[in-house]
$ cat coords.txt   # compact mmCIF, C-alpha atoms
# COMPACT_ATOMS: atom_id res chain seq x y z
CA MET A 1 0.00 0.00 0.00
CA VAL A 2 1.34 3.42 -0.98
CA THR A 3 1.76 5.71 2.01
CA GLN A 4 0.97 9.42 1.99
CA GLU A 5 4.67 10.28 2.19
CA GLN A 6 5.51 8.00 -0.75
CA ARG A 7 2.70 9.57 -2.76
CA LYS A 8 4.01 13.05 -1.92
CA ARG A 9 7.47 12.12 -3.15
CA GLN A 10 6.08 10.59 -6.33
CA LEU A 11 4.11 13.76 -7.07
CA ALA A 12 7.25 15.85 -6.48
CA ARG A 13 9.23 13.71 -8.92
CA GLU A 14 6.48 13.91 -11.53
CA LYS A 15 6.32 17.69 -11.11
CA PHE A 16 10.06 17.92 -11.60
CA LEU A 17 9.96 15.90 -14.81
CA ARG A 18 7.08 18.02 -16.15
CA GLN A 19 9.13 21.14 -15.44
CA GLN A 20 12.05 19.83 -17.44
CA GLN A 21 9.79 18.99 -20.38
CA ARG A 22 8.31 22.49 -20.30
CA ARG A 23 11.79 24.00 -20.30
CA THR A 24 12.80 21.90 -23.29
CA SER A 25 9.70 23.07 -25.17
CA ALA A 26 10.37 26.69 -24.15
CA ARG A 27 13.89 26.54 -25.52
CA ARG A 28 12.69 25.25 -28.85
CA LYS A 29 10.00 27.91 -29.11
CA ALA A 30 12.48 30.63 -28.14
CA ARG A 31 14.93 29.57 -30.85
CA VAL A 32 12.17 29.79 -33.46
CA ARG A 33 10.95 33.11 -32.06
CA ASN A 34 14.41 34.65 -31.99
CA SER A 35 15.09 33.47 -35.53
CA VAL A 36 11.93 35.17 -36.77
CA ILE A 37 12.70 38.34 -34.82
CA ALA A 38 16.21 38.46 -36.23
CA SER A 39 14.91 38.05 -39.78
CA VAL A 40 12.31 40.80 -39.40
CA LEU A 41 14.78 43.21 -37.84
CA GLY A 42 17.26 42.51 -40.60
CA VAL A 43 14.70 43.54 -43.23
CA ILE A 44 13.13 46.50 -41.44
CA ILE A 45 16.03 48.10 -39.61
CA ILE A 46 18.99 47.66 -41.91
CA GLY A 47 21.68 50.12 -40.91
CA SER A 48 20.27 50.74 -37.44
CA VAL A 49 21.65 49.62 -34.13
CA ALA A 50 21.46 45.82 -33.85
CA LEU A 51 19.27 44.32 -31.18
CA TYR A 52 20.87 41.46 -29.27
CA THR A 53 18.39 39.06 -27.75
CA THR A 54 19.16 36.11 -25.57
CA GLY A 55 16.21 33.75 -25.58
CA VAL A 56 15.61 30.69 -23.52
CA LEU A 57 18.52 28.40 -24.28
CA LYS A 58 18.46 25.45 -21.96
CA ASP A 59 17.86 24.02 -18.56
CA ASP A 60 19.68 21.24 -17.21
CA GLY A 61 17.11 19.71 -15.24
CA ASN A 62 18.04 18.41 -12.57
CA ASP A 63 16.71 19.25 -13.58
CA LYS A 64 15.31 19.62 -10.72
CA ALA A 65 17.36 19.65 -11.19
CA ASN A 66 17.35 21.86 -12.18
CA ALA A 67 15.43 26.64 -9.54
CA SER A 68 13.18 28.96 -10.29
CA SER A 69 12.08 29.16 -13.77
CA GLU A 70 9.03 27.70 -12.09
CA THR A 71 8.75 30.46 -9.48
CA THR A 72 5.22 31.78 -9.03
CA PRO A 73 5.42 35.59 -9.33
CA SER A 74 2.30 36.15 -7.26
CA ALA A 75 3.48 34.03 -4.35
CA THR A 76 4.22 35.76 -1.07
CA PRO A 77 7.98 35.67 -0.38
CA SER A 78 9.28 34.38 2.92
CA ALA A 79 10.45 36.90 5.47
CA ALA A 80 13.50 34.75 6.27
CA LYS A 81 16.69 36.69 6.78
CA ASP A 82 19.28 36.40 4.03
CA PRO A 83 22.22 34.53 5.60
CA CYS A 84 24.66 35.30 2.80
CA GLU A 85 27.10 38.08 2.02
CA LYS A 86 27.14 40.61 -0.78
CA ALA A 87 28.39 39.21 -4.07
CA ALA A 88 31.91 40.01 -5.26
CA ALA A 89 32.28 42.68 -7.93
CA GLY A 90 32.04 41.38 -11.47
CA SER A 91 29.56 40.25 -14.06
CA VAL A 92 28.52 37.01 -15.71
CA LYS A 93 30.30 36.22 -18.96
CA THR A 94 28.20 35.43 -22.03
CA GLN A 95 29.85 32.35 -23.47
CA SER A 96 28.76 29.52 -25.73
CA TRP A 97 30.46 26.66 -27.56
CA LYS A 98 29.24 24.53 -30.43
CA LYS A 99 30.52 21.22 -29.15
CA GLU A 100 31.69 19.48 -26.02
CA PRO A 101 35.39 20.06 -25.28
CA ALA A 102 37.75 17.17 -25.90
CA VAL A 103 38.35 15.07 -22.80
CA THR A 104 41.79 16.03 -21.51
CA ILE A 105 41.56 15.25 -17.79
CA ASP A 106 43.58 12.43 -16.26
CA THR A 107 40.96 9.92 -15.13
CA SER A 108 43.45 8.27 -12.79
CA ALA A 109 44.02 11.52 -10.88
CA LYS A 110 41.94 13.16 -8.15
CA TYR A 111 40.04 16.35 -8.92
CA THR A 112 38.25 18.75 -6.61
CA MET A 113 35.94 21.64 -7.32
CA THR A 114 35.48 24.63 -5.06
CA LEU A 115 32.44 26.87 -5.37
CA ALA A 116 33.35 30.08 -3.56
CA THR A 117 29.85 31.40 -2.88
CA THR A 118 28.41 34.36 -1.06
CA CYS A 119 27.19 31.88 1.58
CA GLY A 120 30.53 30.12 2.07
CA ASP A 121 32.84 27.76 0.21
CA ILE A 122 31.44 24.47 -1.06
CA ASP A 123 34.22 21.95 -1.68
CA ILE A 124 33.47 18.92 -3.81
CA ALA A 125 35.45 15.74 -4.49
CA LEU A 126 34.87 14.92 -8.17
CA LYS A 127 34.48 11.45 -9.67
CA ALA A 128 36.78 11.77 -12.67
CA LYS A 129 37.05 8.06 -13.39
CA ALA A 130 33.32 7.37 -13.17
CA ALA A 131 32.17 10.54 -14.96
CA PRO A 132 35.06 11.72 -17.18
CA HIS A 133 32.97 13.74 -19.66
CA THR A 134 31.17 15.56 -16.87
CA VAL A 135 34.25 16.33 -14.80
CA ASN A 136 36.15 17.36 -17.93
CA SER A 137 33.35 19.74 -18.94
CA PHE A 138 33.27 21.34 -15.49
CA SER A 139 37.04 21.73 -15.53
CA PHE A 140 36.79 23.41 -18.93
CA LEU A 141 33.91 25.71 -17.98
CA ALA A 142 35.42 26.68 -14.63
CA GLY A 143 38.69 27.50 -16.39
CA LYS A 144 36.79 29.85 -18.70
CA GLY A 145 35.13 31.63 -15.77
CA TYR A 146 31.76 30.40 -16.98
CA PHE A 147 30.28 29.94 -13.49
CA ASP A 148 31.76 33.08 -11.95
CA HIS A 149 29.19 35.59 -10.64
CA THR A 150 26.26 33.28 -11.48
CA LYS A 151 23.30 32.79 -9.15
CA CYS A 152 22.03 29.47 -7.86
CA HIS A 153 18.52 29.92 -9.13
CA ARG A 154 16.45 27.10 -7.66
CA LEU A 155 15.84 25.56 -4.25
CA THR A 156 13.42 22.70 -3.62
CA THR A 157 12.30 22.02 -0.07
CA ASN A 158 9.40 19.62 -0.57
CA GLY A 159 9.62 16.05 -1.85
CA ILE A 160 13.16 16.52 -3.14
CA TYR A 161 15.82 18.62 -1.45
CA VAL A 162 18.28 20.28 -3.78
CA LEU A 163 19.93 23.56 -4.68
CA GLN A 164 20.31 24.06 -8.42
CA CYS A 165 23.04 26.19 -9.99
CA GLY A 166 25.09 26.51 -13.18
CA ASP A 167 22.86 28.68 -15.35
CA PRO A 168 24.46 32.02 -16.29
CA THR A 169 21.05 33.40 -17.26
CA GLY A 170 19.61 32.65 -13.82
CA SER A 171 16.37 31.58 -15.53
CA GLY A 172 16.74 27.81 -15.37
CA SER A 173 17.03 27.58 -19.15
CA GLY A 174 20.66 28.51 -19.85
CA GLY A 175 23.53 26.31 -20.93
CA PRO A 176 26.97 26.26 -22.58
CA GLY A 177 25.72 25.52 -26.10
CA TYR A 178 26.66 21.85 -26.01
CA THR A 179 25.47 18.77 -24.15
CA ILE A 180 27.36 15.92 -22.53
CA PRO A 181 26.46 12.24 -22.17
CA ASP A 182 24.90 10.76 -19.07
CA GLU A 183 27.42 8.90 -16.93
CA ASN A 184 27.70 6.90 -13.72
CA LEU A 185 23.97 6.21 -13.47
CA LYS A 186 24.68 2.92 -11.71
CA ASP A 187 26.76 4.53 -8.98
CA THR A 188 26.61 2.41 -5.85
CA SER A 189 25.47 5.43 -3.84
CA LEU A 190 22.16 5.56 -5.73
CA LYS A 191 20.22 3.00 -3.72
CA ASN A 192 16.45 2.64 -3.96
CA ASN A 193 16.26 5.51 -6.46
CA THR A 194 17.64 7.88 -3.86
CA TYR A 195 20.34 10.51 -4.28
CA PRO A 196 22.01 10.76 -0.87
CA ALA A 197 22.76 14.03 0.88
CA GLY A 198 26.05 15.45 -0.34
CA THR A 199 25.63 14.34 -3.94
CA ILE A 200 26.29 16.75 -6.79
CA ALA A 201 24.59 15.67 -10.01
CA MET A 202 23.80 17.01 -13.45
CA ALA A 203 20.48 18.54 -14.23
CA ASN A 204 18.95 17.72 -17.62
CA THR A 205 15.80 18.22 -19.69
CA GLY A 206 14.27 14.91 -18.75
CA GLN A 207 15.72 13.29 -21.86
CA ALA A 208 18.89 11.20 -22.09
CA HIS A 209 22.24 12.91 -22.70
CA THR A 210 20.96 16.49 -22.36
CA GLY A 211 23.18 17.69 -19.51
CA GLY A 212 24.89 21.03 -20.08
CA SER A 213 26.17 23.23 -17.27
CA GLN A 214 23.34 23.12 -14.73
CA PHE A 215 23.80 20.93 -11.69
CA PHE A 216 22.16 20.31 -8.36
CA LEU A 217 23.49 19.84 -4.87
CA VAL A 218 21.55 17.46 -2.63
CA TYR A 219 21.32 18.74 0.94
CA GLN A 220 18.94 15.98 2.11
CA ALA A 221 18.39 12.49 0.68
CA SER A 222 16.01 12.79 -2.28
CA GLN A 223 14.11 10.14 -4.21
CA LEU A 224 14.67 10.58 -7.93
CA PRO A 225 15.02 8.19 -10.85
CA PRO A 226 18.71 7.45 -11.57
CA SER A 227 18.70 9.70 -14.64
CA TYR A 228 21.00 12.45 -13.42
CA THR A 229 24.75 11.94 -13.58
CA PRO A 230 26.23 11.91 -10.05
CA PHE A 231 29.74 13.26 -10.39
CA GLY A 232 30.95 14.31 -6.97
CA THR A 233 30.49 14.48 -3.21
CA VAL A 234 30.21 17.64 -1.11
CA SER A 235 32.52 18.01 1.90
CA ALA A 236 31.22 18.21 5.47
CA ASP A 237 31.86 21.96 5.63
CA GLY A 238 30.18 22.37 2.25
CA MET A 239 27.12 20.58 3.61
CA LYS A 240 26.91 23.15 6.40
CA VAL A 241 26.72 25.86 3.76
CA LEU A 242 23.96 24.01 1.90
CA LYS A 243 21.98 23.52 5.11
CA LYS A 244 22.24 27.24 5.84
CA ILE A 245 20.91 28.07 2.39
CA ALA A 246 18.09 25.55 2.71
CA ALA A 247 17.12 26.83 6.15
CA ALA A 248 16.38 30.26 4.65
CA GLY A 249 13.77 28.68 2.38
CA GLU A 250 12.58 29.60 -1.10
CA ASN A 251 10.51 32.50 -2.33
CA THR A 252 7.22 30.86 -3.30
CA GLY A 253 6.36 29.18 -0.03
CA ALA A 254 5.32 26.15 -2.08
CA GLY A 255 8.61 24.30 -1.79
CA ASP A 256 10.11 25.06 -5.21
CA GLY A 257 11.43 28.46 -6.17
CA ALA A 258 14.36 30.83 -6.01
CA PRO A 259 16.28 30.60 -2.72
CA ASN A 260 15.65 33.40 -0.24
CA ALA A 261 19.39 33.37 0.42
CA THR A 262 21.32 35.30 -2.20
CA VAL A 263 23.46 32.43 -3.45
CA VAL A 264 26.03 33.66 -5.95
CA ILE A 265 29.07 31.67 -7.09
CA ASN A 266 31.77 34.32 -6.91
CA LYS A 267 34.26 31.91 -8.42
CA ALA A 268 34.39 28.23 -9.36
CA THR A 269 37.68 26.38 -9.63
CA VAL A 270 38.61 22.79 -10.49
CA ALA A 271 41.97 21.52 -9.32
CA LYS A 272 43.92 18.30 -9.93
CA SER A 273 45.80 16.67 -7.10
$ encode --input "coords.txt" --output "structure tokens"
Amino acid sequence: MVTQEQRKRQLAREKFLRQQQRRTSARRKARVRNSVIASVLGVIIIGSVALYTTGVLKDDGNDKANASSETTPSATPSAAKDPCEKAAAGSVKTQSWKKEPAVTIDTSAKYTMTLATTCGDIDIALKAKAAPHTVNSFSFLAGKGYFDHTKCHRLTTNGIYVLQCGDPTGSGSGGPGYTIPDENLKDTSLKNNTYPAGTIAMANTGQAHTGGSQFFLVYQASQLPPSYTPFGTVSADGMKVLKKIAAAGENTGAGDGAPNATVVINKATVAKS
């Protein structure tokens, strides 16, 4: 017999998957829309100042992964105090690549990633051997400053418990222009369709091999289908930072929205040891 708690978790998972599908559809529509707009402007305003539009590109779905392209504007925000500091000076870089970078990491070596955020440093031990394409992509993007000054845009506090980051647009639909294959979906840590606390995994669109740059950090064990590449483990101190962010809640009051804490990745670095 299905318990009320199991039903709640199932509904949360189904909601998450629907969100990813909507984001995929939105990206497709935006590409068509932007193409039409560009064509019309080219005919009507030749010689005038060009208009640069950045439409919906991609969500990684975690894509739950995946925060807050699903935020309800009319919801009443929480009055929780922001526990984080002011973001470092700087702006997000607009960068895009046509294809995944060649894998150049040493899969026999150890790699770590540090997310220096406004709420504290989150150190992560990466699984280079088990997820070489994913770790290589993060090493490449971090080296390009892709994640610097970006906001973690989504926090879920009901059914699944994750903080989602990695979208320079902050909309939940951005990405690096390329996708990477799913990896390590049979990781021994994923028992009973549960991503344990401390896992960092790729968000995606709900379809296979659609990961880009968005990722989610699990601050409390969450039941999800093993469809999201787990590629690292958060340190104990990093978990304290995640718990602090989660404790501040999200801005819809419904359990899925932008975090009330101002979570900005001042700088992301990947190091080999």
$ closest_residue --input "coords.txt" --among "A:Tyr195, A:Phe215, A:Tyr228, A:Phe140" --to "Arg154 (chain A)" --atoms "only C-alpha atoms"
A:Phe215
$ atom_distance --input "coords.txt" --atom1 "CA of Thr107 (chain A)" --atom2 "CA of Asp123 (chain A)"
19.3 Å
$ residues_around --input "coords.txt" --residues "Thr150 (chain A)" --least-positions-apart "2" --cutoff "8 Å" --atoms "all atoms listed in the file" --output "MDAnalysis selection string"
chainID A and resid 92 147:148 152 165:170 264:266
$ closest_residue --input "coords.txt" --among "A:Pro101, A:Gly90, A:Pro259, A:Gly238" --to "Leu217 (chain A)" --atoms "only C-alpha atoms"
A:Gly238
$ atom_distance --input "coords.txt" --atom1 "CA of Ala125 (chain A)" --atom2 "CA of Ala197 (chain A)"
13.9 Å
$ closest_residue --input "coords.txt" --among "A:Ala130, A:His149, A:Ala142, A:Asp106" --to "Ala89 (chain A)" --atoms "all atoms listed in the file"
A:His149
$ axis_aligned_box --input "coords.txt" --around "region 179-191 of chain A" --padding-each-side "8 Å" --output "AutoDock Vina command-line options"
--center_x 24.0 --center_y 10.6 --center_z -13.9 --size_x 23.5 --size_y 32.4 --size_z 36.4
$ closest_residue --input "coords.txt" --among "A:Thr199, A:Gln164, A:Ser171, A:Thr117" --to "Gly232 (chain A)" --atoms "all atoms listed in the file"
A:Thr199
$ atom_distance --input "coords.txt" --atom1 "CA of Thr157 (chain A)" --atom2 "CA of Leu115 (chain A)"
21.4 Å
$ closest_residue --input "coords.txt" --among "A:Ala221, A:Ala116, A:Val263, A:Ala271" --to "Gly159 (chain A)" --atoms "all atoms listed in the file"
A:Ala221
$ closest_residue --input "coords.txt" --among "A:Lys244, A:Lys191, A:Lys186, A:Lys98" --to "Cys84 (chain A)" --atoms "all atoms listed in the file"
A:Lys244
$ residues_around --input "coords.txt" --residues "Ser137 (chain A)" --least-positions-apart "2" --cutoff "10 Å" --atoms "all atoms listed in the file" --output "ChimeraX atom specification"
/A:100-105,132-135,139-143,176,178-180,212-213
$ residues_around --input "coords.txt" --residues "Asn184 (chain A)" --least-positions-apart "6" --cutoff "7 Å" --atoms "all atoms listed in the file" --output "PyMOL selection string"
chain A and resi 130-131+229-230
$ residues_around --input "coords.txt" --residues "Ala247 (chain A)" --least-positions-apart "3" --cutoff "10 Å" --atoms "all atoms listed in the file" --output "list of chain:residue names"
A:Ala80, A:Lys81, A:Pro83, A:Thr157, A:Val241, A:Leu242, A:Lys243, A:Lys244, A:Glu250, A:Pro259, A:Asn260, A:Ala261
